[in-house]
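Content type mmCIF, C-alpha atoms, from the file input10.cif:
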```cif
data_target
loop_
_atom_site.group_PDB
_atom_site.id
_atom_site.type_symbol
_atom_site.label_atom_id
_atom_site.label_comp_id
_atom_site.auth_asym_id
_atom_site.auth_seq_id
_atom_site.Cartn_x
_atom_site.Cartn_y
_atom_site.Cartn_z
ATOM 1 C CA MET A 333 61.483 15.910 -4.031
ATOM 2 C CA VAL A 334 61.338 19.670 -3.182
ATOM 3 C CA ASP A 335 60.917 22.195 -6.064
ATOM 4 C CA GLY A 336 62.291 19.723 -8.610
ATOM 5 C CA VAL A 337 65.370 18.884 -6.490
ATOM 6 C CA THR A 338 65.825 15.584 -4.625
ATOM 7 C CA GLU A 339 66.228 15.750 -0.875
ATOM 8 C CA SER A 340 69.768 14.412 -1.112
ATOM 9 C CA GLY A 341 70.614 17.011 -3.786
ATOM 10 C CA ALA A 342 69.072 19.810 -1.743
ATOM 11 C CA GLU A 343 71.021 18.668 1.315
ATOM 12 C CA ALA A 344 74.258 18.619 -0.657
ATOM 13 C CA ALA A 345 73.582 22.074 -2.070
ATOM 14 C CA GLY A 346 72.877 23.351 1.441
ATOM 15 C CA LEU A 347 76.074 21.812 2.885
ATOM 16 C CA PHE A 348 78.420 22.734 0.046
ATOM 17 C CA PRO A 349 76.895 25.667 -1.900
ATOM 18 C CA HIS A 350 79.293 26.958 -4.525
ATOM 19 C CA SER A 351 77.453 29.387 -6.789
ATOM 20 C CA VAL A 352 75.306 32.303 -5.670
ATOM 21 C CA GLY A 353 72.236 30.518 -7.017
ATOM 22 C CA GLU A 354 72.979 27.416 -4.914
ATOM 23 C CA ARG A 355 73.470 29.522 -1.791
ATOM 24 C CA LEU A 356 70.180 31.351 -2.308
ATOM 25 C CA HIS A 357 68.406 28.068 -3.022
ATOM 26 C CA ALA A 358 69.837 26.470 0.146
ATOM 27 C CA ALA A 359 68.888 29.487 2.263
ATOM 28 C CA ARG A 360 65.337 29.386 0.907
ATOM 29 C CA LEU A 361 64.961 25.688 1.751
ATOM 30 C CA ALA A 362 66.442 26.247 5.203
ATOM 31 C CA GLY A 363 63.806 28.906 5.842
ATOM 32 C CA GLY A 364 60.985 26.620 4.701
ATOM 33 C CA LEU A 365 60.054 28.982 1.835
ATOM 34 C CA ASP A 366 58.986 28.264 -1.732
ATOM 35 C CA LEU A 367 59.539 30.409 -4.785
ATOM 36 C CA GLY A 368 56.041 31.841 -4.450
ATOM 37 C CA ASP A 369 56.985 33.271 -1.035
ATOM 38 C CA ILE A 370 60.119 34.881 -2.505
ATOM 39 C CA ALA A 371 58.158 36.283 -5.459
ATOM 40 C CA THR A 372 55.605 37.804 -3.075
ATOM 41 C CA LYS A 373 58.306 39.412 -0.914
ATOM 42 C CA THR A 374 60.526 40.740 -3.724
ATOM 43 C CA ARG A 375 58.035 41.320 -6.565
ATOM 44 C CA VAL A 376 60.569 39.581 -8.833
ATOM 45 C CA PRO A 377 58.921 37.284 -11.437
ATOM 46 C CA MET A 378 59.254 33.600 -10.612
ATOM 47 C CA ARG A 379 60.929 32.809 -13.947
ATOM 48 C CA HIS A 380 63.779 35.185 -13.017
ATOM 49 C CA LEU A 381 64.092 33.643 -9.534
ATOM 50 C CA GLU A 382 64.275 30.181 -11.096
ATOM 51 C CA ALA A 383 66.971 31.408 -13.518
ATOM 52 C CA ILE A 384 69.045 32.782 -10.613
ATOM 53 C CA GLU A 385 68.856 29.470 -8.736
ATOM 54 C CA ARG A 386 69.978 27.667 -11.912
ATOM 55 C CA SER A 387 72.752 30.273 -12.473
ATOM 56 C CA ASP A 388 71.147 30.877 -15.888
ATOM 57 C CA TYR A 389 71.918 34.588 -16.022
ATOM 58 C CA ALA A 390 71.818 34.654 -19.832
ATOM 59 C CA SER A 391 68.011 34.496 -19.659
ATOM 60 C CA LEU A 392 67.839 37.680 -17.537
ATOM 61 C CA PRO A 393 67.523 41.108 -19.220
ATOM 62 C CA SER A 394 71.037 42.237 -18.230
ATOM 63 C CA ILE A 395 73.795 41.879 -15.638
ATOM 64 C CA THR A 396 72.369 44.894 -13.799
ATOM 65 C CA TYR A 397 69.027 43.136 -13.424
ATOM 66 C CA ALA A 398 70.772 39.949 -12.299
ATOM 67 C CA LEU A 399 72.613 41.820 -9.540
ATOM 68 C CA GLY A 400 69.461 43.665 -8.423
ATOM 69 C CA PHE A 401 67.323 40.524 -8.354
ATOM 70 C CA ALA A 402 69.996 38.568 -6.467
ATOM 71 C CA ARG A 403 70.255 41.328 -3.820
ATOM 72 C CA GLN A 404 66.473 41.308 -3.312
ATOM 73 C CA TYR A 405 66.487 37.483 -3.083
ATOM 74 C CA ALA A 406 69.289 37.653 -0.497
ATOM 75 C CA ARG A 407 67.326 40.109 1.660
ATOM 76 C CA ALA A 408 64.261 37.870 1.489
ATOM 77 C CA VAL A 409 66.158 34.822 2.823
ATOM 78 C CA GLY A 410 68.323 36.687 5.358
ATOM 79 C CA LEU A 411 71.675 36.627 3.525
ATOM 80 C CA ASN A 412 74.079 39.561 3.272
ATOM 81 C CA GLU A 413 73.064 41.252 0.010
ATOM 82 C CA ILE A 414 76.422 43.041 -0.373
ATOM 83 C CA ASP A 415 78.354 39.762 -0.147
ATOM 84 C CA VAL A 416 75.945 38.115 -2.581
ATOM 85 C CA ALA A 417 76.318 40.940 -5.124
ATOM 86 C CA ARG A 418 80.129 40.858 -4.809
ATOM 87 C CA ASP A 419 80.273 37.093 -5.242
ATOM 88 C CA LEU A 420 77.899 37.224 -8.210
ATOM 89 C CA ARG A 421 80.066 39.792 -9.986
ATOM 90 C CA ALA A 422 83.072 37.560 -9.403
ATOM 91 C CA GLU A 423 81.095 34.545 -10.635
ATOM 92 C CA LEU A 424 80.193 36.401 -13.829
ATOM 93 C CA GLY A 425 83.831 37.367 -14.374
ATOM 94 C CA ARG A 426 83.289 41.116 -13.940
ATOM 95 C CA ALA A 427 85.699 43.423 -12.118
ATOM 96 C CA PRO A 428 84.447 45.490 -9.140
ATOM 97 C CA LEU A 429 82.397 48.547 -10.012
ATOM 98 C CA GLU A 430 85.102 51.008 -8.996
ATOM 99 C CA ALA A 431 87.693 49.449 -11.320
ATOM 100 C CA ASN A 432 85.458 48.607 -14.263
ATOM 101 C CA GLU A 433 82.834 51.321 -14.603
ATOM 102 C CA SER A 434 84.530 54.533 -13.493
ATOM 103 C CA ALA A 435 84.995 57.193 -16.182
ATOM 104 C CA PRO A 436 88.645 57.670 -17.293
ATOM 105 C CA TYR A 437 90.267 61.024 -16.749
ATOM 106 C CA GLU A 438 91.318 62.916 -19.884
ATOM 107 C CA PRO A 439 93.378 66.152 -19.687
ATOM 108 C CA VAL A 440 91.882 69.135 -21.476
ATOM 109 C CA ASP A 441 93.558 70.158 -24.716
ATOM 110 C CA PRO A 442 94.357 73.936 -24.402
ATOM 111 C CA THR A 443 94.050 74.371 -28.179
ATOM 112 C CA ARG A 444 90.382 73.345 -28.006
ATOM 113 C CA VAL A 445 89.419 75.978 -25.362
ATOM 114 C CA PRO A 446 88.046 79.188 -26.970
ATOM 115 C CA SER A 447 89.864 82.432 -26.175
ATOM 116 C CA ARG A 448 88.345 85.064 -23.895
ATOM 117 C CA LEU A 449 87.968 87.560 -26.769
ATOM 118 C CA LEU A 450 86.056 85.019 -28.861
ATOM 119 C CA ALA A 451 83.734 84.240 -25.938
ATOM 120 C CA TRP A 452 82.919 87.915 -25.320
ATOM 121 C CA THR A 453 82.322 88.482 -29.041
ATOM 122 C CA ALA A 454 79.830 85.603 -29.186
ATOM 123 C CA ALA A 455 78.005 86.904 -26.091
ATOM 124 C CA GLY A 456 77.726 90.400 -27.630
ATOM 125 C CA ILE A 457 76.286 89.034 -30.859
ATOM 126 C CA ALA A 458 73.706 87.067 -28.869
ATOM 127 C CA VAL A 459 72.621 90.206 -26.967
ATOM 128 C CA VAL A 460 72.252 92.214 -30.213
ATOM 129 C CA LEU A 461 70.148 89.495 -31.792
ATOM 130 C CA LEU A 462 67.918 89.312 -28.705
ATOM 131 C CA ILE A 463 67.337 93.083 -28.680
ATOM 132 C CA GLY A 464 66.569 93.067 -32.411
ATOM 133 C CA TYR A 465 64.001 90.305 -31.925
ATOM 134 C CA PHE A 466 62.106 92.253 -29.231
ATOM 135 C CA VAL A 467 62.146 95.456 -31.343
ATOM 136 C CA TRP A 468 60.748 93.572 -34.362
ATOM 137 C CA LYS A 469 58.064 91.932 -32.232
ATOM 138 C CA SER A 470 56.877 95.247 -30.758
ATOM 139 C CA MET A 471 56.689 96.866 -34.233
ATOM 140 C CA ALA A 472 54.907 93.908 -35.846
ATOM 141 C CA PHE A 473 52.265 93.281 -33.189
ATOM 142 C CA GLY A 474 51.860 96.740 -31.636
ATOM 143 C CA ASP A 475 51.455 97.447 -27.939
ATOM 144 C CA ALA A 476 50.278 94.231 -26.401
ATOM 145 C CA SER A 477 49.957 95.873 -22.967
ATOM 146 C CA ALA A 478 46.773 97.796 -23.843
ATOM 147 C CA PRO A 479 43.830 96.323 -21.944
ATOM 148 C CA GLY A 480 41.155 94.676 -24.065
ATOM 149 C CA PRO A 481 37.491 94.111 -23.357
ATOM 150 C CA GLU A 482 36.826 91.965 -20.355
ATOM 151 C CA PRO A 483 35.338 88.568 -21.224
ATOM 152 C CA ALA A 484 31.858 87.783 -19.997
ATOM 153 C CA PRO A 485 31.845 85.611 -16.878
ATOM 154 C CA PRO A 486 30.818 82.012 -17.491
ATOM 155 C CA PRO A 487 27.340 80.994 -16.347
ATOM 156 C CA VAL A 488 27.126 79.534 -12.866
ATOM 157 C CA VAL A 489 26.108 75.881 -12.993
ATOM 158 C CA ALA A 490 24.820 73.867 -10.047
ATOM 159 C CA THR A 491 25.234 70.112 -10.075
ATOM 160 C CA ALA A 492 23.345 67.592 -8.019
ATOM 161 C CA PRO A 493 25.564 65.541 -5.669
ATOM 162 C CA ALA A 494 26.408 62.045 -6.863
ATOM 163 C CA THR A 495 24.671 59.323 -4.912
ATOM 164 C CA PRO A 496 26.560 56.020 -4.704
ATOM 165 C CA GLN A 497 24.503 53.263 -6.292
ATOM 166 C CA PRO A 498 25.206 49.698 -5.112
ATOM 167 C CA GLN A 499 25.447 47.107 -7.822
ATOM 168 C CA VAL A 500 23.111 44.138 -7.828
ATOM 169 C CA ALA A 501 24.547 41.397 -5.637
ATOM 170 C CA ALA A 502 26.483 38.771 -7.588
ATOM 171 C CA PRO A 503 24.615 35.515 -8.175
ATOM 172 C CA SER A 504 25.338 32.592 -5.889
ATOM 173 C CA THR A 505 25.796 30.308 -8.903
ATOM 174 C CA GLY A 506 27.772 30.693 -12.085
ATOM 175 C CA GLN A 507 31.300 30.558 -13.493
ATOM 176 C CA VAL A 508 33.973 32.278 -11.359
ATOM 177 C CA VAL A 509 36.524 34.075 -13.566
ATOM 178 C CA LEU A 510 39.737 35.844 -12.472
ATOM 179 C CA THR A 511 41.138 38.651 -14.660
ATOM 180 C CA ALA A 512 44.557 40.277 -14.038
ATOM 181 C CA THR A 513 44.658 44.080 -14.360
ATOM 182 C CA ALA A 514 48.457 44.091 -13.853
ATOM 183 C CA PRO A 515 51.179 41.419 -13.608
ATOM 184 C CA VAL A 516 50.327 39.377 -10.507
ATOM 185 C CA TRP A 517 51.472 36.038 -9.063
ATOM 186 C CA LEU A 518 48.835 33.780 -7.560
ATOM 187 C CA ARG A 519 48.236 30.200 -6.478
ATOM 188 C CA ILE A 520 44.869 28.391 -6.538
ATOM 189 C CA TYR A 521 44.506 25.228 -4.434
ATOM 190 C CA ASP A 522 41.701 23.079 -3.042
ATOM 191 C CA LYS A 523 40.887 22.164 0.558
ATOM 192 C CA ASN A 524 43.339 19.225 0.326
ATOM 193 C CA ASP A 525 46.123 21.708 -0.621
ATOM 194 C CA LYS A 526 46.249 20.373 -4.173
ATOM 195 C CA VAL A 527 47.580 23.114 -6.481
ATOM 196 C CA LEU A 528 45.106 23.812 -9.293
ATOM 197 C CA PHE A 529 46.837 26.834 -10.834
ATOM 198 C CA GLU A 530 50.079 28.717 -10.065
ATOM 199 C CA LYS A 531 51.817 31.297 -12.226
ATOM 200 C CA GLU A 532 52.394 35.013 -12.789
ATOM 201 C CA MET A 533 49.440 36.244 -14.821
ATOM 202 C CA ALA A 534 49.988 39.028 -17.327
ATOM 203 C CA ALA A 535 47.730 42.084 -17.491
ATOM 204 C CA GLY A 536 44.506 41.183 -19.295
ATOM 205 C CA GLU A 537 44.949 37.430 -18.800
ATOM 206 C CA THR A 538 41.931 35.533 -17.476
ATOM 207 C CA TRP A 539 41.495 32.150 -15.766
ATOM 208 C CA PRO A 540 38.155 30.434 -15.082
ATOM 209 C CA VAL A 541 37.999 28.560 -11.779
ATOM 210 C CA PRO A 542 37.010 24.918 -12.428
ATOM 211 C CA GLY A 543 33.410 24.361 -11.377
ATOM 212 C CA ASP A 544 34.180 20.875 -10.052
ATOM 213 C CA ALA A 545 37.041 21.998 -7.794
ATOM 214 C CA ASP A 546 36.687 21.000 -4.117
ATOM 215 C CA THR A 547 36.597 24.350 -2.225
ATOM 216 C CA PRO A 548 39.101 26.257 -4.411
ATOM 217 C CA MET A 549 41.072 28.918 -2.513
ATOM 218 C CA ILE A 550 43.530 31.643 -3.536
ATOM 219 C CA ARG A 551 46.807 33.032 -2.244
ATOM 220 C CA THR A 552 48.358 36.213 -3.681
ATOM 221 C CA GLY A 553 50.242 39.292 -2.572
ATOM 222 C CA ARG A 554 48.317 41.711 -4.824
ATOM 223 C CA PRO A 555 44.543 41.169 -4.578
ATOM 224 C CA ASP A 556 44.052 44.680 -5.982
ATOM 225 C CA ALA A 557 45.480 43.482 -9.328
ATOM 226 C CA LEU A 558 42.660 40.950 -9.814
ATOM 227 C CA LYS A 559 39.089 41.421 -11.013
ATOM 228 C CA VAL A 560 36.688 38.692 -9.925
ATOM 229 C CA ALA A 561 33.359 37.997 -11.613
ATOM 230 C CA VAL A 562 30.636 35.417 -10.976
ATOM 231 C CA GLY A 563 28.454 34.677 -13.974
ATOM 232 C CA GLY A 564 29.664 37.921 -15.580
ATOM 233 C CA SER A 565 28.835 40.092 -12.509
ATOM 234 C CA ALA A 566 31.628 41.829 -10.580
ATOM 235 C CA VAL A 567 32.086 41.013 -6.898
ATOM 236 C CA ALA A 568 33.895 42.853 -4.135
ATOM 237 C CA PRO A 569 37.748 42.861 -4.178
ATOM 238 C CA LEU A 570 39.355 39.857 -2.548
ATOM 239 C CA GLY A 571 41.369 41.966 -0.110
ATOM 240 C CA PRO A 572 43.021 45.349 0.556
ATOM 241 C CA PRO A 573 45.729 46.564 -1.851
ATOM 242 C CA GLU A 574 49.332 45.383 -1.422
ATOM 243 C CA LYS A 575 48.418 42.870 1.318
ATOM 244 C CA THR A 576 48.904 39.115 1.025
ATOM 245 C CA ILE A 577 45.710 37.088 1.215
ATOM 246 C CA ARG A 578 45.359 33.340 1.553
ATOM 247 C CA ASP A 579 42.597 30.737 2.003
ATOM 248 C CA VAL A 580 39.986 33.012 0.357
ATOM 249 C CA VAL A 581 37.331 30.655 -1.074
ATOM 250 C CA LEU A 582 36.560 31.142 -4.778
ATOM 251 C CA THR A 583 33.181 29.447 -5.035
ATOM 252 C CA ALA A 584 30.224 31.425 -6.389
ATOM 253 C CA ALA A 585 28.313 31.120 -3.103
ATOM 254 C CA ALA A 586 31.252 32.332 -0.989
ATOM 255 C CA LEU A 587 31.972 35.294 -3.280
ATOM 256 C CA ALA A 588 28.289 36.277 -3.490
ATOM 257 C CA ALA A 589 28.185 36.473 0.313
ATOM 258 C CA ARG A 590 30.868 39.191 0.328
ATOM 259 C CA PRO A 591 29.789 42.895 0.387
ATOM 260 C CA PRO A 592 28.645 44.087 -3.081
ATOM 261 C CA VAL A 593 30.782 46.462 -5.161
ATOM 262 C CA VAL A 594 29.647 50.107 -4.872
ATOM 263 C CA ASP A 595 29.787 52.206 -8.050
ATOM 264 C CA THR A 596 30.276 55.879 -7.178
ATOM 265 C CA ALA A 597 30.634 57.025 -10.791
ATOM 266 C CA VAL A 598 27.004 58.166 -11.207
ATOM 267 C CA PRO A 599 26.556 60.728 -14.019
ATOM 268 C CA THR A 600 24.844 63.969 -13.092
ATOM 269 C CA THR A 601 23.166 66.578 -15.308
ATOM 270 C CA PRO A 602 24.274 70.173 -14.595
ATOM 271 C CA THR A 603 21.407 72.664 -14.107
ATOM 272 C CA PRO A 604 22.042 76.397 -14.770
ATOM 273 C CA LEU A 605 21.112 78.509 -11.780
ATOM 274 C CA ASN A 606 19.364 81.129 -13.896
ATOM 275 C CA ALA A 607 17.164 78.418 -15.511
ATOM 276 C CA ALA A 608 16.210 77.049 -12.101
ATOM 277 C CA ALA A 609 15.288 80.530 -10.898
ATOM 278 C CA ALA A 610 13.064 81.109 -13.948
ATOM 279 C CA GLN A 611 10.820 78.110 -13.159
ATOM 280 C CA PRO A 612 7.453 78.991 -11.536
ATOM 281 C CA ASN A 613 6.967 78.192 -7.854
#
```

Mind turning this structure into structure tokens?
Amino acid sequence: MVDGVTESGAEAAGLFPHSVGERLHAARLAGGLDLGDIATKTRVPMRHLEAIERSDYASLPSITYALGFARQYARAVGLNEIDVARDLRAELGRAPLEANESAPYEPVDPTRVPSRLLAWTAAGIAVVLLIGYFVWKSMAFGDASAPGPEPAPPPVVATAPATPQPQVAAPSTGQVVLTATAPVWLRIYDKNDKVLFEKEMAAGETWPVPGDADTPMIRTGRPDALKVAVGGSAVAPLGPPEKTIRDVVLTAAALAARPPVVDTAVPTTPTPLNAAAAQPN
């Protein structure tokens, strides 16, 4: 069974795909991809990709989202996205965009257009009101152009440069905890490729790595959206932003061996220059 579909059913869907969802599903299987690969490439949540393959478009936010997600899915598996979008609109019973969503033309009613005399009269009234406002403002507040006293210059302050302070290295033992700072899809598996955890985590959601897992490893397309801690201490990021990582070991010993996180936000105390000059040598 592949992704909840029997091999015979997948073969039939690949040979005789009817709906857009079946065609996308067949193309994905033909390319040897799983839904996690498509989610990483398109940034579309897996629940929406699953709904498209099931032709369950009612669970998507709108028809516009359905069309956009299907086009991204088609690009990811090498199908023509324009043909997929056209076929999906036909499948949903919607007319082409040009015939269904263009604005109708309505002739202008001449009786509703103001006359030229009325337009000039309105413009003249507006000018008179504007002039009256400026005259009233100048009489009420006086001459605002007269120069006032110059403000005293602010004191010159010298600050000591911030020195990056490395954090204490994370312990080599302790509970490993993953925390999502933004929506992020990830898969955790052991050295035998057994999936321990796979989903799209929401921002703020945490997941503790089981301590008895046999060499747990991670795969994700957004390592920058994950905070990793060992025994409550932060460790270095798992990889560069927006770059897929895989086979990164999530044991406490492996994470502690990575470079420590450097905290550059060191507070400094400003010192007035005149105070420094007043100190005895």

Hey, which of A:Lys531, A:Gly410, A:Leu424, A:Asp522 ends up closest to Arg379 in chain A? Count all atoms listed in the file.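 Selected residue with least distance to Arg379 in chain A: A:Lys531.
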
Spell out the residues picked by the PyMOL selection byres ((chain A and resi 574-577) around 10) here, as a PyMOL selection string. chain A and resi 372-373+518+550-557+570-573+578-580

Selection in question (the file shown): the PyMOL selection byres ((chain A and resi 538) around 6). Which residues does it include, as a ChimeraX atom specification? /A:510-511,537,539

Could you state the separation of CA of Arg421 in chain A and CA of His350 in chain A in Å, given to one decimal place?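 Separation between CA of Arg421 in chain A and CA of His350 in chain A: 14.0 Å.
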
For a test of reading the model, state the distance in Å between CA of Glu413 in chain A and CA of Ala390 in chain A, rounded to one decimal. 20.9 Å

Translate the PyMOL selection byres ((chain A and resi 527) around 12) into a concrete residue list for this structure, as a tab-separated table (two decimals) with C-alpha atoms, in the coordinates of the input.
```tsv
chain	number	residue	atom	x	y	z
A	518	LEU	CA	48.84	33.78	-7.56
A	519	ARG	CA	48.24	30.20	-6.48
A	520	ILE	CA	44.87	28.39	-6.54
A	521	TYR	CA	44.51	25.23	-4.43
A	522	ASP	CA	41.70	23.08	-3.04
A	523	LYS	CA	40.89	22.16	0.56
A	524	ASN	CA	43.34	19.23	0.33
A	525	ASP	CA	46.12	21.71	-0.62
A	526	LYS	CA	46.25	20.37	-4.17
A	528	LEU	CA	45.11	23.81	-9.29
A	529	PHE	CA	46.84	26.83	-10.83
A	530	GLU	CA	50.08	28.72	-10.06
A	531	LYS	CA	51.82	31.30	-12.23
A	545	ALA	CA	37.04	22.00	-7.79
A	546	ASP	CA	36.69	21.00	-4.12
A	547	THR	CA	36.60	24.35	-2.22
A	548	PRO	CA	39.10	26.26	-4.41
A	549	MET	CA	41.07	28.92	-2.51
A	550	ILE	CA	43.53	31.64	-3.54
A	551	ARG	CA	46.81	33.03	-2.24
```

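Separating CA of Leu367 in chain A from CA of Asp544 in chain A is a distance of 27.6 Å.
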
Using only C-alpha atoms, which of A:Leu587, A:Lys469, A:Gly425, A:Ala362 sits nearest Val562 in chain A?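 Answer, going by the shortest atom-to-atom distance: A:Leu587.
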
Gly563 in chain A surroundings by only C-alpha atoms, 8 Å radius, close-in-sequence under 4 positions cut, as JSON, numbers by chain: {"A": [502, 503, 505, 506, 507, 508]}

Would you please work out which residue, of A:Ala406, A:Leu450, A:Ala371, A:Met378, is nearest to Ala358 in chain A when using all atoms listed in the file? A:Ala406

May I ask which of the residues A:Thr513, A:Ser387, A:Thr583, A:Ser470 is the closest one to Glu423 in chain A, counting all atoms listed in the file? A:Ser387

Nearby residues (all atoms listed in the file) at most 10 Å from Ile384 in chain A, same-chain spacing under 3 positions excluded, as a list in words: Ser351, Val352, Gly353, Glu354, Leu356, His357, Met378, Arg379, His380, Leu381, Ser387, Asp388, Tyr389, Ala390, Ser391, Leu392, Ala398, Leu399, Phe401, Ala402 and Tyr405 of chain A

Skipping near chain neighbours, those fewer than 6 positions away, what residues fall within 9 Å of Arg360 in chain A using all atoms listed in the file, listed as number ranges by chain? A: 366-367, 370, 408-409

Convert the current residue selection to file output with C-alpha atoms, as a JSON list (two decimals), in the frame of the given file.
```json
[["chain", "number", "residue", "atom", "x", "y", "z"],
["A", 366, "ASP", "CA", 58.99, 28.26, -1.73],
["A", 367, "LEU", "CA", 59.54, 30.41, -4.78],
["A", 370, "ILE", "CA", 60.12, 34.88, -2.50],
["A", 408, "ALA", "CA", 64.26, 37.87, 1.49],
["A", 409, "VAL", "CA", 66.16, 34.82, 2.82]]
```

Return as lines of an AutoDock Vina configuration file the centre and edge lengths, in Å with one decimal, of the box along x, y and z that encloses every atom of range 571-584 of chain A in the file, padded by 4 Å per side.
```
center_x = 39.8
center_y = 38.0
center_z = -2.2
size_x = 27.1
size_y = 25.1
size_z = 16.4
```
